[in-house]
file query.txt (compact mmCIF, C-alpha atoms)
# COMPACT_ATOMS: atom_id res chain seq x y z
CA MET U 1 154.24 279.47 70.73
CA LYS U 2 156.74 281.26 68.48
CA LEU U 3 159.61 279.00 67.46
CA PHE U 4 162.05 281.16 65.54
CA GLY U 5 164.00 284.01 67.09
CA THR U 6 166.72 286.22 65.65
CA ASP U 7 168.84 283.22 64.63
CA GLY U 8 166.88 279.98 64.43
CA VAL U 9 165.20 278.13 67.30
CA ARG U 10 166.97 278.60 70.62
CA GLY U 11 166.31 277.97 74.31
CA GLU U 12 167.20 275.90 77.35
CA ALA U 13 167.79 272.29 76.36
CA GLY U 14 165.41 269.88 78.07
CA SER U 15 162.82 272.53 78.97
CA PHE U 16 162.02 274.68 75.94
CA LEU U 17 164.17 272.77 73.47
CA THR U 18 163.08 269.21 74.18
CA ALA U 19 163.65 266.10 72.10
CA GLU U 20 159.98 266.23 71.10
CA LEU U 21 160.23 269.83 69.90
CA ALA U 22 163.44 269.09 67.98
CA MET U 23 161.83 266.11 66.24
CA LYS U 24 158.70 268.05 65.33
CA VAL U 25 160.55 271.11 64.03
CA ALA U 26 162.82 268.82 61.98
CA MET U 27 159.74 267.12 60.50
CA ALA U 28 158.15 270.48 59.75
CA ALA U 29 161.30 271.75 58.06
CA GLY U 30 161.65 268.44 56.18
CA ILE U 31 158.10 268.72 54.88
CA TYR U 32 158.86 272.22 53.62
CA PHE U 33 162.14 271.23 51.97
CA LYS U 34 160.59 268.14 50.34
CA SER U 35 158.41 270.43 48.25
CA HIS U 36 161.64 271.81 46.73
CA SER U 37 163.74 268.64 46.94
CA LYS U 38 166.51 267.83 44.48
CA SER U 39 168.59 265.26 46.38
CA ASN U 40 166.46 264.05 49.32
CA LYS U 41 169.49 264.63 51.60
CA ILE U 42 169.82 266.91 54.62
CA LEU U 43 173.10 267.63 56.41
CA VAL U 44 173.24 267.83 60.22
CA GLY U 45 176.12 269.24 62.28
CA LYS U 46 176.49 270.44 65.85
CA ASP U 47 178.78 272.15 68.34
CA THR U 48 180.22 270.52 71.46
CA ARG U 49 177.30 270.77 73.94
CA ARG U 50 176.22 267.58 75.72
CA SER U 51 172.60 268.25 74.75
CA GLY U 52 173.64 268.04 71.10
CA TYR U 53 173.43 264.24 71.30
CA MET U 54 169.77 264.37 72.35
CA ILE U 55 168.78 266.99 69.81
CA GLU U 56 170.75 265.41 66.96
CA ASN U 57 169.10 262.02 67.46
CA ALA U 58 165.67 263.65 67.66
CA ILE U 59 166.27 265.58 64.43
CA VAL U 60 167.50 262.45 62.64
CA SER U 61 164.41 260.54 63.83
CA GLY U 62 162.09 263.28 62.59
CA LEU U 63 163.73 263.55 59.18
CA THR U 64 164.02 259.81 58.51
CA ALA U 65 160.41 259.35 59.64
CA ILE U 66 159.23 261.47 56.69
CA GLY U 67 161.62 259.81 54.25
CA TYR U 68 164.71 262.02 54.27
CA ASP U 69 168.25 260.65 54.17
CA VAL U 70 170.48 262.35 56.73
CA ILE U 71 174.21 263.02 56.67
CA GLN U 72 175.70 263.56 60.13
CA ILE U 73 179.10 265.25 60.33
CA GLY U 74 179.49 265.83 64.08
CA PRO U 75 181.05 268.93 65.67
CA MET U 76 181.75 271.56 63.00
CA PRO U 77 181.51 275.37 62.83
CA THR U 78 178.22 276.87 61.69
CA PRO U 79 179.77 278.37 58.51
CA ALA U 80 181.09 274.90 57.66
CA ILE U 81 177.53 273.57 57.68
CA ALA U 82 176.49 276.31 55.26
CA TYR U 83 179.41 275.56 52.94
CA ILE U 84 179.19 271.75 53.02
CA THR U 85 175.41 271.78 52.54
CA GLU U 86 175.87 273.48 49.18
CA ASN U 87 179.06 271.55 48.35
CA MET U 88 177.37 268.16 48.88
CA ARG U 89 174.23 269.22 47.00
CA CYS U 90 171.94 268.70 50.00
CA ASP U 91 168.40 270.06 50.13
CA ALA U 92 169.16 271.76 53.44
CA GLY U 93 171.60 271.96 56.32
CA ILE U 94 170.91 271.99 60.06
CA MET U 95 173.29 273.27 62.73
CA ILE U 96 172.65 272.39 66.37
CA SER U 97 174.11 275.23 68.42
CA ALA U 98 173.27 278.09 70.74
CA SER U 99 176.33 279.98 69.50
CA HIS U 100 177.79 282.11 72.33
CA ASN U 101 175.27 280.99 75.00
CA SER U 102 176.31 278.78 77.92
CA PHE U 103 176.00 274.98 77.70
CA GLU U 104 172.50 274.85 79.24
CA ASP U 105 171.04 276.36 76.06
CA ASN U 106 171.00 274.91 72.59
CA GLY U 107 169.50 275.81 69.25
CA ILE U 108 168.63 274.70 65.73
CA LYS U 109 169.70 276.77 62.72
CA PHE U 110 168.61 276.00 59.17
CA PHE U 111 170.27 276.60 55.82
CA ASP U 112 168.73 276.09 52.40
CA GLY U 113 170.36 274.11 49.59
CA CYS U 114 172.46 277.14 48.59
CA GLY U 115 173.90 277.44 52.10
CA ASP U 116 171.85 280.55 52.93
CA LYS U 117 169.97 281.13 56.16
CA LEU U 118 166.21 280.98 55.78
CA SER U 119 164.16 284.10 55.17
CA HIS U 120 161.57 285.16 57.72
CA SER U 121 158.80 284.08 55.33
CA VAL U 122 160.21 280.54 55.07
CA GLU U 123 160.54 280.35 58.85
CA GLU U 124 156.87 281.33 59.11
CA GLU U 125 155.94 278.54 56.69
CA ILE U 126 157.84 276.00 58.80
CA GLU U 127 156.12 277.27 61.96
CA LYS U 128 152.71 276.80 60.31
CA ILE U 129 153.60 273.22 59.43
CA TYR U 130 154.91 272.63 62.98
CA HIS U 131 151.53 273.59 64.44
CA ASN U 132 149.56 271.45 61.95
CA SER U 133 149.33 268.08 63.74
CA GLU U 134 147.36 266.46 60.91
CA LEU U 135 149.96 267.42 58.31
CA LEU U 136 152.79 266.12 60.49
CA GLN U 137 151.01 262.81 61.00
CA ASP U 138 150.23 262.39 57.30
CA ALA U 139 153.90 262.99 56.42
CA HIS U 140 155.05 259.75 58.08
CA VAL U 141 156.23 257.13 55.59
CA ARG U 142 156.44 253.34 55.81
CA GLY U 143 158.53 250.41 54.68
CA LYS U 144 161.23 251.12 52.15
CA GLU U 145 160.34 254.83 52.09
CA ILE U 146 161.76 255.43 55.59
CA GLY U 147 164.99 257.40 55.33
CA LYS U 148 168.48 256.35 56.37
CA ALA U 149 171.24 258.15 58.26
CA LYS U 150 174.98 257.89 57.97
CA ARG U 151 177.87 259.62 59.70
CA ILE U 152 180.74 261.05 57.64
CA ASP U 153 183.93 262.08 59.43
CA ASP U 154 186.15 263.28 56.58
CA VAL U 155 184.17 266.32 55.37
CA VAL U 156 186.24 268.54 57.64
CA GLY U 157 188.88 268.47 54.91
CA ARG U 158 186.52 270.18 52.46
CA TYR U 159 186.02 273.10 54.84
CA ILE U 160 189.72 273.39 55.62
CA VAL U 161 190.47 273.68 51.89
CA GLN U 162 187.79 276.36 51.55
CA LEU U 163 189.30 278.33 54.44
CA LYS U 164 192.81 278.11 53.01
CA ASN U 165 191.51 279.25 49.62
CA SER U 166 190.21 282.43 51.27
CA PHE U 167 193.78 283.39 52.20
CA PRO U 168 195.88 284.98 49.42
CA ARG U 169 198.01 282.28 47.79
CA ASN U 170 201.08 284.53 47.61
CA LEU U 171 201.15 284.98 51.41
CA SER U 172 202.28 282.77 54.26
CA LEU U 173 201.81 282.89 58.02
CA LYS U 174 205.42 281.88 58.56
CA ASN U 175 207.01 283.98 61.32
CA MET U 176 203.54 284.89 62.68
CA ARG U 177 202.79 283.87 66.26
CA ILE U 178 199.07 283.61 66.96
CA VAL U 179 197.11 282.80 70.11
CA LEU U 180 193.80 281.12 69.26
CA ASP U 181 190.95 280.64 71.77
CA THR U 182 188.46 278.11 70.39
CA ALA U 183 185.97 278.52 73.29
CA ASN U 184 185.88 274.73 73.78
CA GLY U 185 183.53 274.84 70.82
CA ALA U 186 183.00 273.70 67.27
CA GLY U 187 186.21 275.28 65.92
CA TYR U 188 188.55 273.42 68.26
CA VAL U 189 189.92 271.16 65.50
CA VAL U 190 189.53 273.23 62.35
CA GLY U 191 190.94 276.49 63.73
CA PRO U 192 194.39 275.32 64.84
CA THR U 193 194.71 273.05 61.80
CA VAL U 194 194.19 275.84 59.26
CA LEU U 195 196.53 278.30 60.95
CA GLU U 196 199.27 275.70 61.36
CA GLU U 197 198.97 274.48 57.76
CA LEU U 198 199.40 278.08 56.58
CA GLY U 199 202.67 278.26 58.52
CA ALA U 200 201.80 280.02 61.78
CA ASP U 201 203.22 279.32 65.22
CA VAL U 202 199.93 278.71 67.08
CA ILE U 203 199.28 278.71 70.82
CA VAL U 204 195.82 277.21 71.40
CA LEU U 205 193.61 278.00 74.39
CA HIS U 206 190.40 276.29 75.53
CA ASN U 207 190.36 273.47 73.01
CA LYS U 208 189.30 270.59 75.27
CA PRO U 209 185.48 270.47 75.14
CA ASP U 210 183.75 268.24 77.70
CA GLY U 211 180.14 268.99 76.78
CA PHE U 212 179.72 271.60 79.50
CA ASN U 213 182.62 274.06 79.18
CA ILE U 214 181.69 275.64 75.84
CA ASN U 215 182.05 279.45 76.12
CA GLU U 216 182.74 279.09 79.86
CA GLY U 217 185.07 281.96 80.80
CA CYS U 218 186.60 281.87 77.34
CA GLY U 219 186.09 282.62 73.67
CA ALA U 220 184.65 285.73 72.05
CA LEU U 221 182.65 286.79 75.12
CA HIS U 222 185.38 286.28 77.71
CA THR U 223 188.74 287.44 76.37
CA LYS U 224 190.76 287.85 79.60
CA ASP U 225 192.81 284.66 79.08
CA LEU U 226 193.43 285.52 75.44
CA CYS U 227 194.55 289.09 76.17
CA GLU U 228 196.97 287.92 78.86
CA SER U 229 198.31 285.10 76.69
CA VAL U 230 199.02 287.39 73.72
CA VAL U 231 201.26 289.50 75.96
CA LYS U 232 202.79 286.47 77.72
CA TYR U 233 203.78 284.73 74.48
CA ARG U 234 204.64 287.96 72.64
CA ALA U 235 202.21 287.05 69.89
CA ASP U 236 201.40 289.11 66.82
CA LEU U 237 197.66 288.56 67.19
CA GLY U 238 195.00 286.95 69.34
CA ILE U 239 191.90 285.34 67.85
CA ALA U 240 188.82 284.38 69.89
CA LEU U 241 186.00 282.31 68.39
CA ASP U 242 182.61 281.70 69.95
CA GLY U 243 181.01 278.29 70.47
CA ASP U 244 180.04 277.71 66.84
CA ALA U 245 182.89 279.76 65.32
CA ASP U 246 180.66 282.11 63.31
CA ARG U 247 181.94 285.02 65.36
CA VAL U 248 185.43 286.38 66.03
CA VAL U 249 187.05 288.86 68.38
CA ILE U 250 190.55 290.11 67.57
CA VAL U 251 193.17 291.07 70.17
CA ASP U 252 196.18 293.18 69.13
CA GLU U 253 199.84 292.55 70.05
CA ASN U 254 199.43 294.66 73.21
CA GLY U 255 196.68 292.42 74.54
CA GLU U 256 193.92 294.94 73.76
CA VAL U 257 190.59 293.94 72.18
CA VAL U 258 189.91 295.54 68.78
CA ASP U 259 186.46 297.11 68.53
CA GLY U 260 184.20 295.39 66.01
CA ASP U 261 183.33 298.58 64.14
CA GLN U 262 187.01 299.51 63.79
CA LEU U 263 187.65 296.00 62.48
CA LEU U 264 184.89 296.40 59.87
CA GLY U 265 186.33 299.74 58.79
CA ALA U 266 189.90 298.44 58.53
CA LEU U 267 188.89 295.36 56.53
CA GLY U 268 186.52 297.30 54.28
CA ALA U 269 189.25 299.84 53.42
CA TYR U 270 191.78 297.03 52.88
CA MET U 271 189.48 295.18 50.49
CA ASN U 272 188.81 298.42 48.62
CA ASP U 273 192.55 299.09 48.27
CA ARG U 274 193.07 295.55 46.91
CA GLY U 275 190.21 295.96 44.44
CA THR U 276 188.16 293.13 45.96
CA LEU U 277 185.38 295.22 47.54
CA ARG U 278 182.21 295.22 45.47
CA GLY U 279 179.29 297.63 45.62
CA LYS U 280 181.29 300.72 46.65
CA GLY U 281 180.59 300.16 50.33
CA ILE U 282 179.94 297.86 53.28
CA VAL U 283 176.95 296.81 55.37
CA SER U 284 176.75 297.01 59.15
CA THR U 285 173.77 297.15 61.53
CA VAL U 286 171.85 299.87 63.31
CA MET U 287 174.12 299.16 66.31
CA SER U 288 177.30 300.41 64.63
CA ASN U 289 179.14 303.53 65.74
CA LYS U 290 178.55 306.73 63.76
CA ALA U 291 182.34 307.09 63.45
CA LEU U 292 182.27 304.13 61.05
CA ASP U 293 179.92 306.09 58.76
CA ASP U 294 182.29 309.04 58.77
CA PHE U 295 185.37 306.88 58.09
CA MET U 296 183.70 305.14 55.15
CA GLY U 297 182.69 308.55 53.78
CA GLU U 298 186.30 309.74 53.96
CA LYS U 299 187.27 306.72 51.84
CA GLY U 300 184.60 307.54 49.27
CA LEU U 301 182.58 304.51 50.31
CA LYS U 302 179.04 304.13 51.61
CA LEU U 303 177.87 302.44 54.79
CA LEU U 304 174.46 300.79 54.72
CA ARG U 305 172.73 299.62 57.90
CA SER U 306 170.49 296.60 58.40
CA ASP U 307 168.54 295.32 61.36
CA VAL U 308 170.49 293.32 63.95
CA GLY U 309 171.42 289.78 62.88
CA ASP U 310 173.93 288.52 60.32
CA LYS U 311 171.03 287.15 58.27
CA ASN U 312 169.73 290.70 57.83
CA VAL U 313 173.24 291.95 57.03
CA LEU U 314 173.59 289.35 54.27
CA GLU U 315 170.16 290.12 52.84
CA LEU U 316 171.04 293.81 52.45
CA MET U 317 174.45 292.89 51.01
CA LYS U 318 172.72 290.84 48.31
CA GLN U 319 170.23 293.61 47.53
CA GLU U 320 173.01 296.16 47.08
CA GLY U 321 175.59 293.95 45.35
CA ILE U 322 178.02 294.29 48.28
CA ASN U 323 180.35 291.46 49.32
CA PHE U 324 181.44 292.61 52.78
CA GLY U 325 179.55 293.39 55.96
CA GLY U 326 179.04 292.44 59.56
CA GLU U 327 178.06 293.29 63.09
CA GLN U 328 180.19 295.03 65.69
CA SER U 329 179.78 291.92 67.86
CA GLY U 330 182.10 289.98 65.54
CA HIS U 331 179.82 288.36 62.97
CA VAL U 332 181.70 289.29 59.79
CA ILE U 333 180.55 288.14 56.34
CA ILE U 334 182.85 288.05 53.34
CA SER U 335 180.46 286.57 50.81
CA ASP U 336 183.17 285.64 48.32
CA PHE U 337 184.09 282.88 50.78
CA ALA U 338 181.17 282.36 53.19
CA LYS U 339 177.37 282.57 53.24
CA THR U 340 177.23 283.53 56.92
CA GLY U 341 179.47 285.00 59.58
CA ASP U 342 182.71 283.02 59.62
CA GLY U 343 185.22 283.72 62.39
CA LEU U 344 188.11 281.94 60.71
CA VAL U 345 187.58 283.51 57.27
CA CYS U 346 187.56 286.93 58.95
CA ALA U 347 190.67 286.15 60.99
CA LEU U 348 192.56 285.08 57.86
CA GLN U 349 191.68 288.38 56.13
CA VAL U 350 192.94 290.26 59.18
CA LEU U 351 196.23 288.36 59.01
CA ALA U 352 196.54 289.08 55.29
CA LEU U 353 195.98 292.78 56.01
CA LEU U 354 198.76 292.81 58.63
CA ILE U 355 201.22 291.02 56.35
CA GLU U 356 200.53 293.15 53.27
CA THR U 357 200.51 296.48 55.09
CA LYS U 358 203.49 295.48 57.27
CA GLN U 359 201.77 297.08 60.26
CA LYS U 360 201.16 296.01 63.83
CA ALA U 361 197.57 295.10 64.66
CA SER U 362 197.31 297.97 67.16
CA LYS U 363 197.73 300.46 64.32
CA ALA U 364 196.29 298.68 61.28
CA LEU U 365 193.03 297.68 62.96
CA ARG U 366 192.21 301.06 64.52
CA PRO U 367 191.97 303.38 61.50
CA PHE U 368 189.62 305.83 63.26
CA LYS U 369 188.49 306.84 66.74
CA LEU U 370 185.09 305.75 68.01
CA TYR U 371 182.49 308.15 69.30
CA PRO U 372 181.41 307.47 72.90
CA GLN U 373 178.66 304.86 72.92
CA LYS U 374 176.83 303.08 75.73
CA LEU U 375 174.45 300.11 75.78
CA VAL U 376 172.32 299.28 78.82
CA ASN U 377 170.05 296.23 79.14
CA ILE U 378 166.98 296.87 81.31
CA ASN U 379 165.00 293.97 82.78
CA VAL U 380 161.29 294.50 82.08
CA LYS U 381 158.10 292.77 83.17
CA VAL U 382 156.20 293.36 79.92
CA LYS U 383 157.29 294.13 76.35
CA LYS U 384 154.87 296.93 75.62
CA PRO U 385 155.29 298.36 72.09
CA ILE U 386 157.83 301.16 72.46
CA ASP U 387 155.82 303.71 70.51
CA GLU U 388 152.84 303.11 72.85
CA ILE U 389 154.76 304.02 76.02
CA GLU U 390 153.43 307.30 77.37
CA GLY U 391 155.94 310.12 77.02
CA VAL U 392 158.43 308.17 74.87
CA VAL U 393 157.99 310.37 71.80
CA HIS U 394 158.91 313.48 73.80
CA LYS U 395 161.96 311.71 75.25
CA LEU U 396 163.25 310.60 71.84
CA GLU U 397 162.70 314.05 70.33
CA GLU U 398 164.77 315.52 73.17
CA LEU U 399 167.61 313.09 72.45
CA GLU U 400 167.61 314.06 68.78
CA ARG U 401 167.60 317.79 69.59
CA GLU U 402 170.65 317.25 71.79
CA GLY U 403 172.52 315.42 69.02
CA LEU U 404 172.34 311.91 70.48
CA HIS U 405 172.01 308.89 68.21
CA HIS U 406 169.71 306.30 69.82
CA LEU U 407 168.57 302.75 69.25
CA ILE U 408 165.96 301.25 71.56
CA ARG U 409 164.68 297.72 71.04
CA TYR U 410 163.59 294.62 72.92
CA SER U 411 165.69 291.47 73.11
CA GLY U 412 164.35 288.74 70.85
CA THR U 413 164.86 286.02 73.46
CA GLU U 414 164.80 287.70 76.90
CA ASN U 415 162.58 290.11 78.84
CA LYS U 416 165.03 292.94 78.35
CA LEU U 417 164.93 296.35 76.72
CA ARG U 418 168.21 297.36 75.08
CA VAL U 419 168.95 301.08 75.14
CA LEU U 420 171.88 302.31 73.03
CA LEU U 421 173.00 305.94 73.07
CA GLU U 422 175.86 307.56 71.18
CA CYS U 423 177.24 311.09 71.30
CA LYS U 424 180.53 312.88 70.73
CA ASP U 425 180.16 314.28 74.26
CA ALA U 426 180.52 311.37 76.73
CA LYS U 427 179.31 313.41 79.72
CA LYS U 428 176.10 314.36 77.92
CA MET U 429 175.60 310.75 76.81
CA ASN U 430 175.91 309.40 80.36
CA HIS U 431 173.50 312.04 81.68
CA TYR U 432 170.80 311.14 79.18
CA MET U 433 171.40 307.41 79.62
CA ASP U 434 170.63 307.74 83.33
CA GLU U 435 167.43 309.60 82.44
CA MET U 436 166.35 307.00 79.87
CA VAL U 437 167.02 304.04 82.16
CA GLU U 438 164.94 305.62 84.94
CA PHE U 439 162.15 306.48 82.48
CA PHE U 440 161.87 302.95 81.04
CA GLN U 441 162.18 301.22 84.40
CA LYS U 442 159.17 303.17 85.65
CA ALA U 443 157.21 302.74 82.43
CA LEU U 444 157.72 299.00 82.01
CA ASN U 445 158.02 297.72 85.58
CA ALA U 446 155.18 299.58 87.29
call {"tool": "encode", "arguments": {"input": "query.txt", "output": "structure tokens"}}
result
Amino acid sequence: MKLFGTDGVRGEAGSFLTAELAMKVAMAAGIYFKSHSKSNKILVGKDTRRSGYMIENAIVSGLTAIGYDVIQIGPMPTPAIAYITENMRCDAGIMISASHNSFEDNGIKFFDGCGDKLSHSVEEEIEKIYHNSELLQDAHVRGKEIGKAKRIDDVVGRYIVQLKNSFPRNLSLKNMRIVLDTANGAGYVVGPTVLEELGADVIVLHNKPDGFNINEGCGALHTKDLCESVVKYRADLGIALDGDADRVVIVDENGEVVDGDQLLGALGAYMNDRGTLRGKGIVSTVMSNKALDDFMGEKGLKLLRSDVGDKNVLELMKQEGINFGGEQSGHVIISDFAKTGDGLVCALQVLALLIETKQKASKALRPFKLYPQKLVNINVKVKKPIDEIEGVVHKLEELEREGLHHLIRYSGTENKLRVLLECKDAKKMNHYMDEMVEFFQKALNA
């Protein structure tokens, strides 16, 4: 059984992600981190799902059983776990969250002592340990060697200070009206607090988590309430977080959602103008619109593309000495202030851009027009390697001859094939999308 997906271990709580699995994977990770230990402490945080109680207790049991001391900080955003892990000199950090998924799912994300997500090779090492029953059994300690756990409630202040430090000191949010949707998730306390302390007039939506309403009809995936509220309250900006607040969707003053690629382009150009963009470019993923490439080129900047996943974005940023990148879905990394996607850090940079340019969001955050792009998810019975599907090479060559950009890949967690097409001619794109959907449905569901 493969444990790690695109972003940690994730699945339905109580079926795939049981208390037993959580305890074993925590032990396996603990065994790995002990070989590099400096403090013998591991930090554990979570979002607002009911199943977080079960998984948190199982993780604490697994870690203390092999001699680790555990610091529990309760509901906090994923980027806060990354930051506080490094700040408190812990060997590792663990975040219990399924991000934007509904409450039935949950997940376990790991960070190393520097606050970075684990590489694929480290995840493979932890999986090997997980499947080694003898090694897990031998790792149990006794007597005074058993670890202890303690809960700390005041670390939220450390993260709030870090967020405020990411906002230019010479600016204030006074006279800015902002609607914030916290998705009944991990940012429900931190988000409003930071914006209010910086001077904003904040209207908060969906900030009453009950264990089951995380992401339910709200947040980054469901922006209807936010869009309507921005117009209703005549706000300058709308901000939607997802369940663990590592992702953000921005809504302009007209109640319209800003495309993620346009947001990346606007912020990248803004940072370059301020002299804070390093590496002469930005990083996005293979999913990004070709219009973003062209806009960066017009600014004399490069656009590099990684595989999907903010971990892959960050890895390429490090390789190229670049400090800004992200995914069109709203995971935006500004590595001067965060080691992973951070919805609130990104939102604060957007607000700084609006204040310094003295522009409305509808203009400032749409610096170029997107090329028509369409993504279709196809349910499949089997995940046959794409290059082994009969006739696929001919189909892809035809797309390229016709000037269509394409990205075809399987979901990492579901039996779905994702087909992305992009073309300056929308009619041509839709025609070929219909052809590709029919082709793959026959090939993979026969």
call {"tool": "residues_near_point", "arguments": {"input": "query.txt", "point": "(157.9, 282.0, 70.7)", "cutoff": "12 Å", "atoms": "only C-alpha atoms", "output": "PyMOL selection string"}}
result
chain U and resi 1-6+8-11+16-17+124+127+412-414
call {"tool": "closest_residue", "arguments": {"input": "query.txt", "among": "U:Gly30, U:Gly326, U:Pro192, U:Gly147", "to": "Ser288 of chain U", "atoms": "all atoms listed in the file"}}
result
U:Gly326
call {"tool": "atom_distance", "arguments": {"input": "query.txt", "atom1": "atom CA of Leu171 of chain U", "atom2": "atom CA of Glu298 of chain U"}}
result
29.0 Å
call {"tool": "closest_residue", "arguments": {"input": "query.txt", "among": "U:Arg305, U:Arg177, U:Gln328, U:Leu348", "to": "Val194 of chain U", "atoms": "only C-alpha atoms"}}
result
U:Leu348
call {"tool": "closest_residue", "arguments": {"input": "query.txt", "among": "U:Val60, U:Ala347, U:Leu404, U:Val231", "to": "Arg151 of chain U", "atoms": "all atoms listed in the file"}}
result
U:Val60
call {"tool": "residues_around", "arguments": {"input": "query.txt", "residues": "Ser411 of chain U", "least_positions_apart": "4", "cutoff": "12 Å", "atoms": "only C-alpha atoms", "output": "PyMOL selection string"}}
result
chain U and resi 5-6+308-309+376-380+382-383+415-419
call {"tool": "write_last_selection", "arguments": {"input": "query.txt", "atoms": "C-alpha atoms", "output": "PDB file, keeping the file's coordinate frame"}}
result
ATOM      1  CA  GLY U   5     164.000 284.010  67.090  1.00  0.00           C
ATOM      2  CA  THR U   6     166.720 286.220  65.650  1.00  0.00           C
ATOM      3  CA  VAL U 308     170.490 293.320  63.950  1.00  0.00           C
ATOM      4  CA  GLY U 309     171.420 289.780  62.880  1.00  0.00           C
ATOM      5  CA  VAL U 376     172.320 299.280  78.820  1.00  0.00           C
ATOM      6  CA  ASN U 377     170.050 296.230  79.140  1.00  0.00           C
ATOM      7  CA  ILE U 378     166.980 296.870  81.310  1.00  0.00           C
ATOM      8  CA  ASN U 379     165.000 293.970  82.780  1.00  0.00           C
ATOM      9  CA  VAL U 380     161.290 294.500  82.080  1.00  0.00           C
ATOM     10  CA  VAL U 382     156.200 293.360  79.920  1.00  0.00           C
ATOM     11  CA  LYS U 383     157.290 294.130  76.350  1.00  0.00           C
ATOM     12  CA  ASN U 415     162.580 290.110  78.840  1.00  0.00           C
ATOM     13  CA  LYS U 416     165.030 292.940  78.350  1.00  0.00           C
ATOM     14  CA  LEU U 417     164.930 296.350  76.720  1.00  0.00           C
ATOM     15  CA  ARG U 418     168.210 297.360  75.080  1.00  0.00           C
ATOM     16  CA  VAL U 419     168.950 301.080  75.140  1.00  0.00           C
TER      17      VAL U 419
END
call {"tool": "closest_residue", "arguments": {"input": "query.txt", "among": "U:Tyr432, U:Phe440, U:Phe324, U:Tyr233", "to": "Lys381 of chain U", "atoms": "all atoms listed in the file"}}
result
U:Phe440
call {"tool": "residues_around", "arguments": {"input": "query.txt", "residues": "Leu351 of chain U", "least_positions_apart": "3", "cutoff": "9 Å", "atoms": "all atoms listed in the file", "output": "list in words"}}
result
Phe167, Leu173, Met176, Leu237, Cys346, Ala347, Leu348, Leu354, Ile355, Glu356 and Ala361 of chain U
call {"tool": "closest_residue", "arguments": {"input": "query.txt", "among": "U:Arg49, U:Lys148, U:Lys109, U:Lys38", "to": "Gly67 of chain U", "atoms": "only C-alpha atoms"}}
result
U:Lys148
call {"tool": "atom_distance", "arguments": {"input": "query.txt", "atom1": "atom CA of Ile73 of chain U", "atom2": "atom CA of Val155 of chain U"}}
result
7.2 Å
call {"tool": "residues_around", "arguments": {"input": "query.txt", "residues": "Thr48 of chain U", "least_positions_apart": "3", "cutoff": "9 Å", "atoms": "all atoms listed in the file", "output": "number ranges by chain"}}
result
U: 51-52, 74-76, 97, 103, 184-186, 209-214, 243-244
call {"tool": "closest_residue", "arguments": {"input": "query.txt", "among": "U:Thr85, U:Thr18, U:Ser35, U:Gln137", "to": "Asn57 of chain U", "atoms": "only C-alpha atoms"}}
result
U:Thr18
call {"tool": "atom_distance", "arguments": {"input": "query.txt", "atom1": "atom CA of Ser229 of chain U", "atom2": "atom CA of Asn165 of chain U"}}
result
28.5 Å
call {"tool": "residues_around", "arguments": {"input": "query.txt", "residues": "Asp261 of chain U", "least_positions_apart": "2", "cutoff": "12 Å", "atoms": "all atoms listed in the file", "output": "ChimeraX atom specification"}}
result
/U:249-250,257-259,263-268,282-296,303,325-332,365-371,373
call {"tool": "residues_around", "arguments": {"input": "query.txt", "residues": "Tyr159 of chain U", "least_positions_apart": "3", "cutoff": "10 Å", "atoms": "only C-alpha atoms", "output": "list in words"}}
result
Met76, Pro77, Pro79, Ala80, Ile81, Tyr83, Ile84, Asn87, Asp154, Val155, Val156, Gln162, Leu163, Lys164, Asn165, Val190 and Val194 of chain U
call {"tool": "decode", "arguments": {"input": "query.txt", "residues": "segment 336-344 of chain U", "atoms": "N, CA and C atoms", "output": "compact mmCIF listing (two decimals), in the first residue's frame"}}
result
# COMPACT_ATOMS: atom_id res chain seq x y z
N ASP U 336 10.61 34.41 1.06
CA ASP U 336 11.18 35.32 2.04
C ASP U 336 10.41 35.25 3.36
N PHE U 337 9.15 34.81 3.29
CA PHE U 337 8.29 34.81 4.47
C PHE U 337 7.66 33.46 4.79
N ALA U 338 7.70 32.49 3.89
CA ALA U 338 7.03 31.21 4.14
C ALA U 338 7.73 30.09 3.37
N LYS U 339 7.72 28.89 3.96
CA LYS U 339 8.36 27.73 3.35
C LYS U 339 7.38 26.91 2.52
N THR U 340 6.12 27.30 2.53
CA THR U 340 5.09 26.58 1.79
C THR U 340 4.05 27.59 1.34
N GLY U 341 3.05 27.15 0.61
CA GLY U 341 1.97 28.06 0.25
C GLY U 341 1.35 28.66 1.49
N ASP U 342 1.15 29.97 1.50
CA ASP U 342 0.58 30.64 2.66
C ASP U 342 -0.45 31.65 2.17
N GLY U 343 -1.74 31.34 2.39
CA GLY U 343 -2.82 32.18 1.90
C GLY U 343 -2.79 33.58 2.45
N LEU U 344 -2.45 33.73 3.72
CA LEU U 344 -2.46 35.05 4.35
C LEU U 344 -1.25 35.89 3.93
